[in-house]
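Note sheet for the following structure.
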2 protein chains.
Amino acid sequence: MSEPIPIIGATGALGWGLAMRLAQAGQPVVIGSRSAERAEEAARRVRGAAPGADVAGLVNGEAAQRGPIVFLTVPFRAQAENVNNLREILRPEQILVDCTVPTAAAVGGKATRTVGVWQGSAAEQAQEMVPDGVTVIGALHTVSAKALGDPDAALDEDILVCGDRKADKARVAQIIEMVPGLRAVNAGALEMARIVEQLTSLLISINARYKALAGIRVTGLGEDDHWGRTA
Amino acid sequence: MSEPIPIIGATGALGWGLAMRLAQAGQPVVIGSRSAERAEEAARRVRGAAPGADVAGLVNGEAAQRGPIVFLTVPFRAQAENVNNLREILRPEQILVDCTVPTAAAVGGKATRTVGVWQGSAAEQAQEMVPDGVTVIGALHTVSAKALGDPDAALDEDILVCGDRKADKARVAQIIEMVPGLRAVNAGALEMARIVEQLTSLLISINARYKALAGIRVTGLGEDDHWGRTA
């Protein structure tokens, strides 16, 4: 893709890892942060890990205008505020890929537990808040932020993608699969984010017991290209 | 294990598949059903798939007395009734492995959705109902009943095991791993069944899109024997 991929909150571990991996794959990315300085500092670190990459660092509102598919990688407790801030920014036809997870850590609880979200999931909360015509897709909940952000860590796992239209999910899947070792799996409608978002807490529970950076693979799917890409 | 494994509700697809796989592994099993005739009929089918196997068919109450680790493989809408019926039967030190999943199909809804269980999960509901001293473990939610019950289907996936004591989970893991192609993963405390039970609905959603019998694998766990078995 020639159009840049904005990543809101990419000074955090997950967003930074995604930015770095996409940059390494030759994809232009735009790092968004509340602070232009921190955005530029994160962009500099990405360039360090991906020499020659096309990486900008901007405040969130500017970053979100730079490409049609915007990733939101902020902690859950900051999600509503961030989506609110994007209300006047996002335009119809844009896709917002929500990666937030409502772990109970957002309210001082355990990361192996979640809080209930009135709309059912963080992704559905985001869908309710974005302007008309903007589509929310849920993804990237199960990859370890630490592994994603470690250029030396080999990935070999799936990303479960939730959304109401396959064509939108396919566009997001294409971005995800730019990262070597990640396969995008169609998990179903956006409401399936109610289940997929919980997997982060499950994996944190497993990681504590195995001293691991666990991920998820869906077995039994066969080798066909589910997304129907021609190239 | 020389002691038989009772499976309550093993005339259903999941329980029957488990009975057949364990019988093929040389493990004595006892099939429980509300009807002695249907239990014996299911046992006969297991013997057909596992010639020479030690398989009995009994009414549930009798079956549950035949071994220390009892599997409960009934539909969610029948779970409470079945656990109630076992209240006078189960003895302290017995383990009840709850495999039920609260899909919304239990109340006429979609199997890709779940119903809320007051205690948090079907497994926690079972734990509240069993007599003192009986331990509930949650397991076997993500393996396809159809694949498990097909002797020609090769399995290659994980079973997420939830429970409050690792020693109890290890005993259940040992049984699960008698089935070729299944690995038992320690998913954490029993309350993690709130998440693990939802995975059945997620997999049903994925199966509909991929025409598959999907399962789950946890990646990144390494090769160490988590369960600390010496043999």
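Quick note on naming: the chains in the structure tokens go A, B, ... in the order shown, residues restart at 1 in each chain, and ligands are numbered from 1 in order of appearance.
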If we count only C-alpha atoms, what is near Glu88 of chain A at a cut-off of 12 Å, once residues fewer than 4 positions away on the same chain are taken out, given as a PDB file with N, CA, C and O atoms, in the first residue's frame?
```
ATOM      1  N   GLY A  61      -4.512  13.990  16.023  1.00  0.00           N
ATOM      2  CA  GLY A  61      -5.496  14.557  15.099  1.00  0.00           C
ATOM      3  C   GLY A  61      -4.938  14.741  13.698  1.00  0.00           C
ATOM      4  O   GLY A  61      -5.657  14.556  12.708  1.00  0.00           O
ATOM      5  N   GLU A  62      -3.680  15.099  13.609  1.00  0.00           N
ATOM      6  CA  GLU A  62      -3.065  15.232  12.285  1.00  0.00           C
ATOM      7  C   GLU A  62      -2.743  13.855  11.697  1.00  0.00           C
ATOM      8  O   GLU A  62      -2.938  13.608  10.502  1.00  0.00           O
ATOM      9  N   ALA A  64      -4.265  11.072  12.087  1.00  0.00           N
ATOM     10  CA  ALA A  64      -5.456  10.329  11.653  1.00  0.00           C
ATOM     11  C   ALA A  64      -5.961  10.759  10.280  1.00  0.00           C
ATOM     12  O   ALA A  64      -6.767  10.060   9.666  1.00  0.00           O
ATOM     13  N   GLN A  65      -5.485  11.911   9.791  1.00  0.00           N
ATOM     14  CA  GLN A  65      -5.916  12.379   8.473  1.00  0.00           C
ATOM     15  C   GLN A  65      -5.019  11.862   7.350  1.00  0.00           C
ATOM     16  O   GLN A  65      -5.292  12.114   6.180  1.00  0.00           O
ATOM     17  N   ASN A  82      -9.854   9.294  23.350  1.00  0.00           N
ATOM     18  CA  ASN A  82      -9.194   9.359  22.048  1.00  0.00           C
ATOM     19  C   ASN A  82     -10.192   9.339  20.900  1.00  0.00           C
ATOM     20  O   ASN A  82     -10.039  10.083  19.929  1.00  0.00           O
ATOM     21  N   VAL A  83     -11.198   8.491  21.007  1.00  0.00           N
ATOM     22  CA  VAL A  83     -12.187   8.434  19.929  1.00  0.00           C
ATOM     23  C   VAL A  83     -12.968   9.749  19.884  1.00  0.00           C
ATOM     24  O   VAL A  83     -13.252  10.286  18.808  1.00  0.00           O
ATOM     25  N   ASN A  84     -13.277  10.287  21.054  1.00  0.00           N
ATOM     26  CA  ASN A  84     -13.921  11.609  21.102  1.00  0.00           C
ATOM     27  C   ASN A  84     -13.101  12.655  20.361  1.00  0.00           C
ATOM     28  O   ASN A  84     -13.640  13.448  19.587  1.00  0.00           O
ATOM     29  N   PRO A  92     -16.062   9.973   6.569  1.00  0.00           N
ATOM     30  CA  PRO A  92     -16.729   8.780   6.044  1.00  0.00           C
ATOM     31  C   PRO A  92     -15.791   8.001   5.116  1.00  0.00           C
ATOM     32  O   PRO A  92     -14.979   8.608   4.413  1.00  0.00           O
ATOM     33  N   MET A 129     -19.243   5.559  18.809  1.00  0.00           N
ATOM     34  CA  MET A 129     -18.732   6.923  18.991  1.00  0.00           C
ATOM     35  C   MET A 129     -18.223   7.581  17.716  1.00  0.00           C
ATOM     36  O   MET A 129     -18.157   8.810  17.643  1.00  0.00           O
ATOM     37  N   VAL A 130     -17.831   6.789  16.735  1.00  0.00           N
ATOM     38  CA  VAL A 130     -17.239   7.396  15.536  1.00  0.00           C
ATOM     39  C   VAL A 130     -18.324   8.063  14.688  1.00  0.00           C
ATOM     40  O   VAL A 130     -19.513   7.738  14.816  1.00  0.00           O
ATOM     41  N   PRO A 131     -17.941   9.003  13.832  1.00  0.00           N
ATOM     42  CA  PRO A 131     -18.931   9.649  12.956  1.00  0.00           C
ATOM     43  C   PRO A 131     -19.569   8.636  11.999  1.00  0.00           C
ATOM     44  O   PRO A 131     -18.983   7.596  11.694  1.00  0.00           O
ATOM     45  N   ASP A 132     -20.761   8.981  11.527  1.00  0.00           N
ATOM     46  CA  ASP A 132     -21.440   8.132  10.542  1.00  0.00           C
ATOM     47  C   ASP A 132     -20.532   7.890   9.343  1.00  0.00           C
ATOM     48  O   ASP A 132     -19.860   8.805   8.865  1.00  0.00           O
ATOM     49  N   VAL A 134     -17.939   5.986   9.222  1.00  0.00           N
ATOM     50  CA  VAL A 134     -16.647   5.409   9.633  1.00  0.00           C
ATOM     51  C   VAL A 134     -16.907   4.001  10.151  1.00  0.00           C
ATOM     52  O   VAL A 134     -17.848   3.767  10.905  1.00  0.00           O
TER      53      VAL A 134
END
```
Q: Name all residues at most 12 Å from Lys166 of chain B (count only C-alpha atoms; drop same-chain ones fewer than 5 positions away) and give them as an MDAnalysis selection string.
A: (chainID A and resid 209) or (chainID B and resid 135 137 161 171:173 185:190 226:228)
So that each row is one residue of chain B with an atom at most 9 Å from chain A, can you give its shortest atom pair and the distance in Å to one decimal, using only C-alpha atoms, rows by chain and rising number, as CSV?
```
residue,atom,partner,partner_atom,distance
B:Thr112,CA,A:Met192,CA,8.0
B:Arg113,CA,A:Met192,CA,8.2
B:Leu155,CA,A:Gly220,CA,8.9
B:Asp156,CA,A:Thr219,CA,7.4
B:Glu157,CA,A:Thr219,CA,6.6
B:Val185,CA,A:Ile206,CA,8.0
B:Asn186,CA,A:Ile206,CA,6.5
B:Ala187,CA,A:Ile206,CA,5.3
B:Gly188,CA,A:Ser205,CA,5.8
B:Ala189,CA,A:Ser205,CA,8.5
B:Glu191,CA,A:Arg113,CA,8.9
B:Met192,CA,A:Leu202,CA,6.8
B:Ile195,CA,A:Gln198,CA,6.2
B:Val196,CA,A:Leu202,CA,7.8
B:Gln198,CA,A:Ile195,CA,6.2
B:Leu199,CA,A:Ile195,CA,7.0
B:Ser201,CA,A:Ile195,CA,8.4
B:Leu202,CA,A:Ala187,CA,6.8
B:Leu203,CA,A:Ala187,CA,7.9
B:Ser205,CA,A:Gly188,CA,5.8
B:Ile206,CA,A:Ala187,CA,5.3
B:Asn207,CA,A:Leu221,CA,8.2
B:Ala208,CA,A:Gly188,CA,8.8
B:Arg209,CA,A:Asn186,CA,7.3
B:Tyr210,CA,A:Leu221,CA,6.3
B:Lys211,CA,A:Leu221,CA,8.0
B:Ala212,CA,A:Leu221,CA,5.7
B:Leu213,CA,A:Gly220,CA,5.9
B:Ala214,CA,A:Gly220,CA,4.7
B:Gly215,CA,A:Thr219,CA,4.8
B:Ile216,CA,A:Val218,CA,4.8
B:Arg217,CA,A:Arg217,CA,4.9
B:Val218,CA,A:Ile216,CA,4.8
B:Thr219,CA,A:Gly215,CA,4.8
B:Gly220,CA,A:Ala214,CA,4.7
B:Leu221,CA,A:Ala212,CA,5.7
B:Gly222,CA,A:Ala212,CA,7.8
B:His226,CA,A:Tyr210,CA,7.2
```
Residues just named, written with C-alpha atoms as a compact mmCIF listing (two decimals), in the first residue's frame:
```txt
# COMPACT_ATOMS: atom_id res chain seq x y z
CA THR B 112 -22.10 -17.57 18.00
CA ARG B 113 -23.42 -15.73 21.06
CA LEU B 155 -6.38 -33.72 15.92
CA ASP B 156 -3.65 -31.10 16.38
CA GLU B 157 -4.77 -28.53 18.90
CA VAL B 185 -2.68 -25.89 28.41
CA ASN B 186 -3.00 -24.38 31.87
CA ALA B 187 -5.32 -21.42 31.30
CA GLY B 188 -5.35 -20.34 34.93
CA ALA B 189 -7.94 -20.23 37.69
CA GLU B 191 -12.73 -18.05 36.73
CA MET B 192 -10.85 -18.05 33.42
CA ILE B 195 -13.27 -16.48 28.76
CA VAL B 196 -12.52 -20.03 27.64
CA GLN B 198 -16.77 -18.17 25.03
CA LEU B 199 -14.24 -19.62 22.60
CA SER B 201 -18.95 -19.44 20.06
CA LEU B 202 -15.93 -17.76 18.48
CA LEU B 203 -14.96 -21.01 16.77
CA SER B 205 -18.33 -18.11 13.97
CA ILE B 206 -15.01 -18.96 12.35
CA ASN B 207 -16.25 -22.39 11.21
CA ALA B 208 -19.18 -20.76 9.42
CA ARG B 209 -16.79 -18.55 7.45
CA TYR B 210 -14.15 -21.17 6.67
CA LYS B 211 -16.29 -24.33 6.35
CA ALA B 212 -13.89 -25.78 8.89
CA LEU B 213 -13.73 -27.60 12.19
CA ALA B 214 -11.45 -25.07 13.82
CA GLY B 215 -9.62 -25.44 17.10
CA ILE B 216 -7.23 -23.35 19.16
CA ARG B 217 -3.49 -23.52 19.62
CA VAL B 218 -1.58 -21.35 22.04
CA THR B 219 1.69 -20.32 20.45
CA GLY B 220 4.98 -19.49 22.15
CA LEU B 221 4.79 -21.85 25.13
CA GLY B 222 8.04 -23.73 24.55
CA HIS B 226 4.43 -27.61 32.24
```
Q.
Applying 8 Å and only C-alpha atoms, which residues near segment 71-76 of chain A remain after dropping the ones on its own chain fewer than 5 positions away? List them as a list in words.
A.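 The residues that qualify are Ile5, Pro6, Ile7, Ile8, Gly9, Ala10, Gly12, Leu14, Gly15, Asn82, Leu96, Val97, Asp98, Cys99, Thr100, Val101, Pro102, Thr103, Ala106 and Ala122 of chain A.
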Q: DSSP on the backbone, then: every residue of chain B marked alpha helix (DSSP H), written as a PyMOL selection string.
A: chain B and resi 13-24+36-49+60-63+79-85+122-129+145-148+166-176+193-196+199-210
Q: Using DSSP on the backbone, list every residue of segment 34-72 of chain A that comes out as strand (DSSP E or B), and give them as an NGL selection string.
A: :A and (55-59 or 69-72)
Q: Go ahead and compute the interatomic distance for atom CA of Met20 of chain B and atom CA of Arg47 of chain B, in Å to one decimal.
A: 7.9 Å
Q.
With only C-alpha atoms as the counted atoms, please give the residues lying no more than 7 Å from Ala13 of chain B, apart from itself and same-chain residues fewer than 6 positions off, as a PyMOL selection string.
A. chain B and resi 145-146+149
Q: Could you check how far atom CA of Ser121 of chain A sits from atom CA of Ala80 of chain A, in Å to one decimal?
A: 12.2 Å
